[in-house]
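Student: You'll find model02.pdb just under this line, and it carries PDB, C-alpha atoms.
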```pdb
MODEL        1
ATOM      1  CA  MET A   1      12.819 -26.553  15.792  1.00  0.00           C
ATOM      2  CA  THR A   2      13.991 -24.376  12.901  1.00  0.00           C
ATOM      3  CA  TYR A   3      11.651 -26.247  10.572  1.00  0.00           C
ATOM      4  CA  HIS A   4       8.672 -25.406  12.775  1.00  0.00           C
ATOM      5  CA  LEU A   5       9.660 -21.743  12.956  1.00  0.00           C
ATOM      6  CA  ASP A   6      10.096 -21.574   9.183  1.00  0.00           C
ATOM      7  CA  THR A   7       6.724 -23.247   8.675  1.00  0.00           C
ATOM      8  CA  ALA A   8       5.051 -20.859  11.111  1.00  0.00           C
ATOM      9  CA  ARG A   9       6.655 -17.853   9.392  1.00  0.00           C
ATOM     10  CA  ALA A  10       5.555 -19.086   5.976  1.00  0.00           C
ATOM     11  CA  THR A  11       2.005 -19.581   7.250  1.00  0.00           C
ATOM     12  CA  ILE A  12       1.921 -16.128   8.813  1.00  0.00           C
ATOM     13  CA  ASP A  13       3.336 -14.543   5.645  1.00  0.00           C
ATOM     14  CA  GLU A  14       0.702 -16.274   3.520  1.00  0.00           C
ATOM     15  CA  ARG A  15      -2.109 -15.173   5.834  1.00  0.00           C
ATOM     16  CA  LEU A  16      -0.847 -11.594   5.781  1.00  0.00           C
ATOM     17  CA  ARG A  17      -0.737 -11.696   1.973  1.00  0.00           C
ATOM     18  CA  GLU A  18      -4.276 -13.070   1.828  1.00  0.00           C
ATOM     19  CA  ALA A  19      -5.514 -10.404   4.242  1.00  0.00           C
ATOM     20  CA  SER A  20      -3.871  -7.691   2.163  1.00  0.00           C
ATOM     21  CA  GLU A  21      -5.460  -9.027  -1.032  1.00  0.00           C
ATOM     22  CA  TYR A  22      -8.845  -9.230   0.697  1.00  0.00           C
ATOM     23  CA  ARG A  23      -8.583  -5.605   1.884  1.00  0.00           C
ATOM     24  CA  LEU A  24      -7.627  -4.462  -1.608  1.00  0.00           C
ATOM     25  CA  ALA A  25     -10.526  -6.341  -3.214  1.00  0.00           C
ATOM     26  CA  ARG A  26     -12.926  -4.938  -0.598  1.00  0.00           C
ATOM     27  CA  ALA A  27     -11.680  -1.395  -1.168  1.00  0.00           C
ATOM     28  CA  ILE A  28     -12.203  -1.780  -4.914  1.00  0.00           C
ATOM     29  CA  ARG A  29     -15.733  -3.101  -4.378  1.00  0.00           C
ATOM     30  CA  LEU A  30     -16.542  -0.196  -2.037  1.00  0.00           C
ATOM     31  CA  ARG A  31     -15.133   2.319  -4.534  1.00  0.00           C
ATOM     32  CA  ASP A  32     -17.155   0.786  -7.370  1.00  0.00           C
ATOM     33  CA  ARG A  33     -20.313   0.860  -5.243  1.00  0.00           C
ATOM     34  CA  ALA A  34     -19.724   4.509  -4.335  1.00  0.00           C
ATOM     35  CA  GLU A  35     -19.173   5.417  -7.987  1.00  0.00           C
ATOM     36  CA  ALA A  36     -22.375   3.620  -9.003  1.00  0.00           C
ATOM     37  CA  THR A  37     -24.304   5.427  -6.262  1.00  0.00           C
ATOM     38  CA  ALA A  38     -22.917   8.775  -7.419  1.00  0.00           C
ATOM     39  CA  ARG A  39     -23.894   7.994 -11.026  1.00  0.00           C
ATOM     40  CA  ARG A  40     -27.439   7.138  -9.956  1.00  0.00           C
ATOM     41  CA  ALA A  41     -27.661  10.303  -7.882  1.00  0.00           C
ATOM     42  CA  ARG A  42     -26.492  12.444 -10.815  1.00  0.00           C
ATOM     43  CA  GLN A  43     -29.003  10.709 -13.081  1.00  0.00           C
ATOM     44  CA  VAL A  44     -31.855  11.351 -10.653  1.00  0.00           C
ATOM     45  CA  MET A  45     -30.801  14.960 -10.201  1.00  0.00           C
ATOM     46  CA  SER A  46     -30.679  15.550 -13.949  1.00  0.00           C
ATOM     47  CA  THR A  47     -34.080  13.863 -14.353  1.00  0.00           C
ATOM     48  CA  LEU A  48     -35.502  16.222 -11.753  1.00  0.00           C
ATOM     49  CA  GLY A  49     -33.864  19.155 -13.525  1.00  0.00           C
ATOM     50  CA  VAL A  50     -31.730  20.114 -10.561  1.00  0.00           C
TER      51      VAL A  50
ENDMDL
END
```
Would you encode the structure as structure tokens?

Tutor:
Amino acid sequence: MTYHLDTARATIDERLREASEYRLARAIRLRDRAEATARRARQVMSTLGV
């Protein structure tokens, strides 16, 4: 029974690690997208002379 509990814990730990890595990667992608959008907006504003 201990083996099964250890295996289940290891699986859960791995899934939690993967979820954490996924959230971090998603946050970085969202930040990069927001920065790119802000750059484009500043470029458009400067082109319009605002």

Student: Quick check, in Å to one decimal: how far apart do CA of Arg39 (chain A) and CA of Arg26 (chain A) lie?

Tutor: 19.9 Å

Student: Could you tell me how far CA of Thr37 (chain A) sits from CA of Arg23 (chain A), in Å to one decimal place?

Tutor: 20.9 Å

Student: With 6 Å of padding per side, what axis-aligned box (centre and edge lengths, Å, one decimal) covers all the listed atoms of region 35-38 of chain A? Give it as AutoDock Vina command-line options.

Tutor:
```
--center_x -21.7 --center_y 6.2 --center_z -7.6 --size_x 17.1 --size_y 17.2 --size_z 14.7
```

Student: In Å, rounded to a single decimal, give me how far CA of Ala27 (chain A) is from CA of Ile12 (chain A).

Tutor: 22.4 Å
